[in-house]
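Asker: I have a structure here, written as C-alpha cells, and I will follow up with some questions on it.
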Amino acid sequence: MILDGKAPTGQVDTSWDKYREEMKLVNPSNKRKYKIIVVGSGLAGGAGAASLGELGYNVDCFCYQDSPRRAHSIGAQGGINAAKNYPSDGDSIYRLFYDTVKGGDFRSREADVWRLAQVSNNIIDQCVAQGVPFARDYAGYLDNRSFGGAQVSRTFYARGQTGQQLLLGAYSALSRQIKNKTVTMHPRTEMLDLVVVDGVAKGITVRNLLTGEVESHWADAVILATGGYVNVFNLSTNAMGSSVTAIWKAVKKGAYMANPCYTQIHPTCIPVHGEHQSKLTLMSESLRNDGRIWVPKKAEDCEKHPSEVPEADRDYYLERKYPSFGNLAPRDISSRSAKEACDADLGVGPGKRGVYLDFADAIERVGQPMIKERYGNLFDMYEKITDENGYERPMRIYPAPHYNMGGLWVDYECSSNIPGLFVLGEANFSVHGANRLGASALMQGLADGYFVIPYTIAPYLASIKNPGAVKEDHAEFKKSVEDVQAQTDKLLAINGKKTVSELHKELGNIMWENVGMARSKESLTNALKLIPELRDEFWNNVKVTGEGKELNQQLENAGRVADFLEFAEMMAEDALNREESCGGHFRTEHQTDEGEAMRDDENFSYVAAWEFKGTGVKPELHKEPLKFERVHLAVRSYK
Ligand SMILES: Cc1cc2nc3c(=O)[nH]c(=O)nc-3n(C[C@H](O)[C@H](O)[C@H](O)COP(=O)(O)OP(=O)(O)OC[C@H]3O[C@@H](n4cnc5c(N)ncnc54)[C@H](O)[C@@H]3O)c2cc1C
C-alpha cells in the first residue's frame, strides 16, 4: 500500500499556517464532552495533556512512574534547539528546517520538519513564561550553545539539566490542570493493550503496578507519548523502564511501525566497564563545544597515560576528516568514526573501546571555572562513575544506543493509521529522518505536545458524532482485559531457569553485534535466525518470581522483554530491506571509498511502514514516498 502523509499541498513555508486556517474546530463548550487518553507524561505527553486540559477536554493521563516528574525526559542534559537567532549568527526557520532535513539524511517529511522549526520559537517563549531557568549571558539575555550538525548556536540550555527543567515546566502546567480537574493523573499504571473497536481506537487496558489489578479505560481518542525503545539493545542511555511495549501493543492491533531500524548510537557515552552493567551513561553532546576528540596515532601509545602522548602523535580525527564541522559533526558520523578508530586498534581504556574527549585546550583558553560553569554537573557525574577527574585527564567516551528515529507511523496530524490513535514525541517517527540532530528531541516532544496536537486532534474529534458512545462494557474491552491477564498468568507460570535480565542481555548482544552501528546482509540474516530462537527460549525458560497481584518488577520487565523479542525481528527486517546506508543506518555493503554512508535515493526515498502479520511471520511493507520540494536532495557532507 502507498501511504499518504497528508502533508498540506503548496508552499511548505506557509503550510502550517494554511492548515490552521482551514482545519475544523471544536466549539469551546463542546470540548468537555470529549475524553482523551494520554499515555505518557514526559515532555511530549505532559505538554500534550496539559494543553488539551487547558483547552477544556477531559484528559486521563497515564504513566508507569510514581510521578509524571520522573519520566525519562528528566534525564535530558544538553539543551533544546530553536531558531530564535539570538546570537545573530545567521539562523532562521529555514536554516533549522534545512539542517534537520539534511541531518536526517533526507529521510523525513518536509512539511512536518518545517512546522517543527516554525514552532520551535514558541516553545522557548512558553517555557520562559513557565519559569524554566534557561542559562543567561551577563546582560541577562538567554544564552545559546552549539550542537552537532549546525553551524549556528541555537541550543537553549539549563546547565546539563535541560530536560529536568523543561519537565518541571510541563509538570507545573499539568499540575494546574490536575487541580482544575481537566486532567486525571494515573501514575504507577502500565498500558498493556490498545482497545480497538470496529477499526477505531477507543481505549486502553492497563495494569496497576502496585496492586496488579488489570482494568480498561475508554476514550474518544488515545494519544501515545511513550518514549523510546532503544533498550532493545539492553545497554543504552535510556531509563531502565523505557520500552517498546505501548507502541508494540498498538502495532499488534494494526498500527504501522515506521523505519524501526533507524536508531541513534550516541558518540559520547561512558564506555562499558563491566559484565554486570545494566545501563550506560551519556555525556552530553554539548561537551563537544569545548572538548576535542582524539585517539593516539600509534597502537603502542594507547596504553600510555594520555599526557604522555605528544601532540604530534594524536589524531583529532573529526577535525581532520570534517574540517568545517570538526568535533560538532553529527552523531551518526561521529559514532562511526569512533568505531573505525577502535576497530583499527587505536582505542583507549579497558577493552580498548574508548576515545578521548579532551578539555585541556578549552581550559587553557577560558579557564577551568568557566568550563565548570558550563558543564560542571557532567564532569561530576563522569568522576562519580569512572573515578577520574575530567578536568585533569581527558574523559574516555564510546558510542552507545541512545534514541530511536523510528516509531509509529503518523501522518501530518500525528495520527497513526488507526483512526483515533495519535502518537507524539520519540514514540512517533515523524521528523528526524534517519538521524536526529542533538537538542532536537526535546524540541520535537514539546512541539508535538504544546503546539501540534492541540490543533490536529480537533478535526478528528469534530468528526465523532457521538462522543462517549463506546465504553468499558463493550465486548472488546472485556476481551482485552482477559488477554492481558492471560499473558501475565502465562509469564508467571513458566518457572524456567533464566532470569529476565539474562535473556534481555542475550537479546542486547544479538542486536548490538548484528543490528548495531554497522549492519550487513549477513549480520541481519543472522539476527533474524537468532531472535526467534531466543524468543522460544524466553517463553519456555524464563523465571519470573513473585505474584501477579502485587508490585512485581520482574513481571513488569518480563512483559517488556517479551515485546522487545517480537519487535527486534521487525527492526532487523527493516534494516535488511533498506539496501542503502543513510544516517544511523549503516549497511557495510553501501559505503563510499572513504567509508561514508551511501544513500540510494532512487530506490529508498520512502518511509518504510511495517504491518504486523503475526509473531514470527514476515511483516508487510507499506511505503510513503518522500518528496523534496523546498530542499534539494544532495549528498550529505560535513567536510
Ligand atoms: C541521557 C539522555 C540525555 C538526553 N539529552 C537530550 C538533550 O539534551 N536534548 C534533546 O533534545 N534530547 C535529549 N535526549 C532525548 C530526549 O530526552 C528524549 O527523546 C525525550 O525526552 C523523549 O520524550 P518523550 O516525552 O517522547 O518520552 P519520555 O520522556 O520517555 O516519556 C515517556 C512516558 O511514557 C510513559 N510510558 C511509557 N510506556 C508506558 C506504558 N506502557 N504505560 C504507561 N506509561 C508508559 C512513561 O511513564 C513516561 O511518562 C536525551 C536522552 C537521554 C537518554
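Chains: A, B, ... in order of the C-alpha cells. Residues: from 1 per chain. Ligands: from 1, in order shown.
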Near Cys61 of chain A, within 10 Å and counting only C-alpha atoms, which residues show up once chain neighbours fewer than 2 positions away are dropped, as a ChimeraX atom specification?
Answerer: /A:36-41,45-46,48-50,58-59,63,68,174,178,183-187,189,223
Asker: Give the residues close to ligand 1, within 7 Å, counting only C-alpha atoms and all ligand atoms; write them as number ranges by chain.
Answerer: A: 39-45, 62-65, 68, 71-80, 162-163, 189-192, 225-228, 237-239, 242-243, 245-246, 281-282, 284, 402-403, 424-427, 438-443, 445
Asker: Can you pull out every residue from segment 544-637 of chain A that DSSP, working from the backbone, puts in strand (DSSP E), and format the result as a ChimeraX atom specification?
Answerer: /A:606-611,620-625
Asker: For those residues, write N, CA and C atoms to a file as a compact mmCIF listing (two decimals), in the first residue's frame.
Answerer:
```
# COMPACT_ATOMS: atom_id res chain seq x y z
N TYR A 606 11.82 6.61 0.72
CA TYR A 606 10.47 6.40 1.25
C TYR A 606 10.53 6.06 2.74
N VAL A 607 9.39 6.28 3.40
CA VAL A 607 9.23 5.82 4.78
C VAL A 607 8.77 4.38 4.70
N ALA A 608 9.45 3.50 5.41
CA ALA A 608 9.02 2.10 5.42
C ALA A 608 8.08 1.90 6.60
N ALA A 609 6.82 1.58 6.33
CA ALA A 609 5.84 1.39 7.40
C ALA A 609 5.41 -0.08 7.41
N TRP A 610 5.69 -0.75 8.51
CA TRP A 610 5.51 -2.20 8.56
C TRP A 610 4.22 -2.59 9.27
N GLU A 611 3.53 -3.53 8.66
CA GLU A 611 2.29 -4.03 9.27
C GLU A 611 2.56 -5.40 9.88
N GLU A 620 4.35 -7.01 6.69
CA GLU A 620 4.14 -6.50 5.33
C GLU A 620 4.62 -5.05 5.24
N LEU A 621 5.31 -4.74 4.15
CA LEU A 621 5.88 -3.40 3.98
C LEU A 621 4.92 -2.49 3.22
N HIS A 622 4.63 -1.32 3.80
CA HIS A 622 3.91 -0.27 3.07
C HIS A 622 4.87 0.90 2.93
N LYS A 623 4.68 1.70 1.89
CA LYS A 623 5.64 2.78 1.66
C LYS A 623 4.96 4.14 1.59
N GLU A 624 5.60 5.13 2.19
CA GLU A 624 5.17 6.51 1.97
C GLU A 624 6.31 7.20 1.20
N PRO A 625 6.09 7.49 -0.07
CA PRO A 625 7.17 8.13 -0.84
C PRO A 625 7.48 9.51 -0.26
```
Asker: Quick one: everything within 7 Å of segment 85-99 of chain A, counting only C-alpha atoms, minus sequence neighbours fewer than 3 positions away in the same chain. Send it as JSON, numbers by chain.
Answerer: {"A": [102, 103, 113, 114, 117, 118, 149, 150, 152, 154]}
Asker: Now that the selection is made, can you save its residues with N, CA and C atoms as a PDB file, in the first residue's frame?
Answerer:
```
ATOM      1  N   LYS A 102      18.597  17.763   6.354  1.00  0.00           N
ATOM      2  CA  LYS A 102      19.918  17.256   5.940  1.00  0.00           C
ATOM      3  C   LYS A 102      20.490  16.326   7.015  1.00  0.00           C
ATOM      4  N   GLY A 103      20.374  16.755   8.289  1.00  0.00           N
ATOM      5  CA  GLY A 103      20.874  15.931   9.397  1.00  0.00           C
ATOM      6  C   GLY A 103      20.237  14.558   9.378  1.00  0.00           C
ATOM      7  N   VAL A 113       8.810  18.824   9.236  1.00  0.00           N
ATOM      8  CA  VAL A 113      10.041  19.436   9.749  1.00  0.00           C
ATOM      9  C   VAL A 113       9.910  20.959   9.726  1.00  0.00           C
ATOM     10  N   TRP A 114       9.262  21.478   8.695  1.00  0.00           N
ATOM     11  CA  TRP A 114       9.071  22.934   8.641  1.00  0.00           C
ATOM     12  C   TRP A 114       8.263  23.409   9.859  1.00  0.00           C
ATOM     13  N   ALA A 117      10.349  23.492  12.961  1.00  0.00           N
ATOM     14  CA  ALA A 117      11.261  24.650  13.016  1.00  0.00           C
ATOM     15  C   ALA A 117      10.463  25.922  13.322  1.00  0.00           C
ATOM     16  N   GLN A 118       9.278  26.011  12.746  1.00  0.00           N
ATOM     17  CA  GLN A 118       8.462  27.213  12.937  1.00  0.00           C
ATOM     18  C   GLN A 118       8.016  27.366  14.396  1.00  0.00           C
ATOM     19  N   GLY A 149      25.954  19.120  13.801  1.00  0.00           N
ATOM     20  CA  GLY A 149      25.211  19.229  12.553  1.00  0.00           C
ATOM     21  C   GLY A 149      24.708  20.621  12.254  1.00  0.00           C
ATOM     22  N   ALA A 150      25.171  21.626  12.999  1.00  0.00           N
ATOM     23  CA  ALA A 150      24.732  23.004  12.739  1.00  0.00           C
ATOM     24  C   ALA A 150      25.939  23.925  12.820  1.00  0.00           C
ATOM     25  N   VAL A 152      25.425  27.171  13.475  1.00  0.00           N
ATOM     26  CA  VAL A 152      24.976  28.314  14.274  1.00  0.00           C
ATOM     27  C   VAL A 152      24.790  27.823  15.703  1.00  0.00           C
ATOM     28  N   ARG A 154      22.231  27.544  18.390  1.00  0.00           N
ATOM     29  CA  ARG A 154      20.784  27.699  18.546  1.00  0.00           C
ATOM     30  C   ARG A 154      20.231  26.853  19.705  1.00  0.00           C
TER      31      ARG A 154
END
```
Asker: Using DSSP secondary structure from the backbone, list all helix (DSSP H, G or I) positions within segment 121-227 of chain A, as a list in words.
Answerer: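 Going through segment 121-227 of chain A, the helix (DSSP H, G or I) residues come out as Asn121, Asn122, Ile123, Ile124, Asp125, Gln126, Cys127, Val128, Ala129, Gln130, Thr162, Gly163, Gln164, Gln165, Leu166, Leu167, Leu168, Gly169, Ala170, Tyr171, Ser172, Ala173, Leu174, Ser175, Arg176, Gln177, Ile178 and Lys179 of chain A.
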Asker: Suppose we keep C-alpha atoms; can you now write the selection as a PDB file, in the first residue's frame?
Answerer:
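Final file, out12.pdb:
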```pdb
ATOM      1  CA  ASN A 121      10.449  29.687  18.805  1.00  0.00           C
ATOM      2  CA  ASN A 122       7.068  29.443  20.544  1.00  0.00           C
ATOM      3  CA  ILE A 123       8.454  26.681  22.742  1.00  0.00           C
ATOM      4  CA  ILE A 124      11.156  28.928  24.179  1.00  0.00           C
ATOM      5  CA  ASP A 125       8.623  31.687  24.920  1.00  0.00           C
ATOM      6  CA  GLN A 126       6.272  29.192  26.542  1.00  0.00           C
ATOM      7  CA  CYS A 127       8.992  27.694  28.711  1.00  0.00           C
ATOM      8  CA  VAL A 128      10.352  31.081  29.767  1.00  0.00           C
ATOM      9  CA  ALA A 129       6.819  32.089  30.752  1.00  0.00           C
ATOM     10  CA  GLN A 130       6.613  28.936  32.856  1.00  0.00           C
ATOM     11  CA  THR A 162      17.746  20.981  30.464  1.00  0.00           C
ATOM     12  CA  GLY A 163      15.337  18.033  30.368  1.00  0.00           C
ATOM     13  CA  GLN A 164      14.757  18.275  34.092  1.00  0.00           C
ATOM     14  CA  GLN A 165      13.956  21.979  33.963  1.00  0.00           C
ATOM     15  CA  LEU A 166      11.690  21.633  30.920  1.00  0.00           C
ATOM     16  CA  LEU A 167       9.878  18.726  32.531  1.00  0.00           C
ATOM     17  CA  LEU A 168       9.326  20.706  35.699  1.00  0.00           C
ATOM     18  CA  GLY A 169       7.794  23.419  33.495  1.00  0.00           C
ATOM     19  CA  ALA A 170       5.491  20.931  31.762  1.00  0.00           C
ATOM     20  CA  TYR A 171       4.692  19.338  35.113  1.00  0.00           C
ATOM     21  CA  SER A 172       3.631  22.661  36.582  1.00  0.00           C
ATOM     22  CA  ALA A 173       1.300  23.201  33.599  1.00  0.00           C
ATOM     23  CA  LEU A 174      -0.019  19.652  34.105  1.00  0.00           C
ATOM     24  CA  SER A 175      -0.487  20.179  37.837  1.00  0.00           C
ATOM     25  CA  ARG A 176      -2.596  23.241  37.154  1.00  0.00           C
ATOM     26  CA  GLN A 177      -4.918  21.103  35.044  1.00  0.00           C
ATOM     27  CA  ILE A 178      -4.983  18.305  37.613  1.00  0.00           C
ATOM     28  CA  LYS A 179      -6.106  20.881  40.171  1.00  0.00           C
TER      29      LYS A 179
END
```
Asker: What's the separation between atom CA of Gly351 of chain A and atom CA of Leu328 of chain A, in Å to one decimal place?
Answerer: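 Distance reported for this atom pair: 25.9 Å.
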Asker: Of the candidates A:Gly449, A:Gly347, A:Gly254, A:Gly546, which shows the shortest atom-to-atom distance to Asn417 of chain A, using only C-alpha atoms?
Answerer: A:Gly254
Asker: Tell me, in Å to one decimal, how far atom CA of His266 of chain A is from atom CA of Ser334 of chain A.
Answerer: 8.3 Å
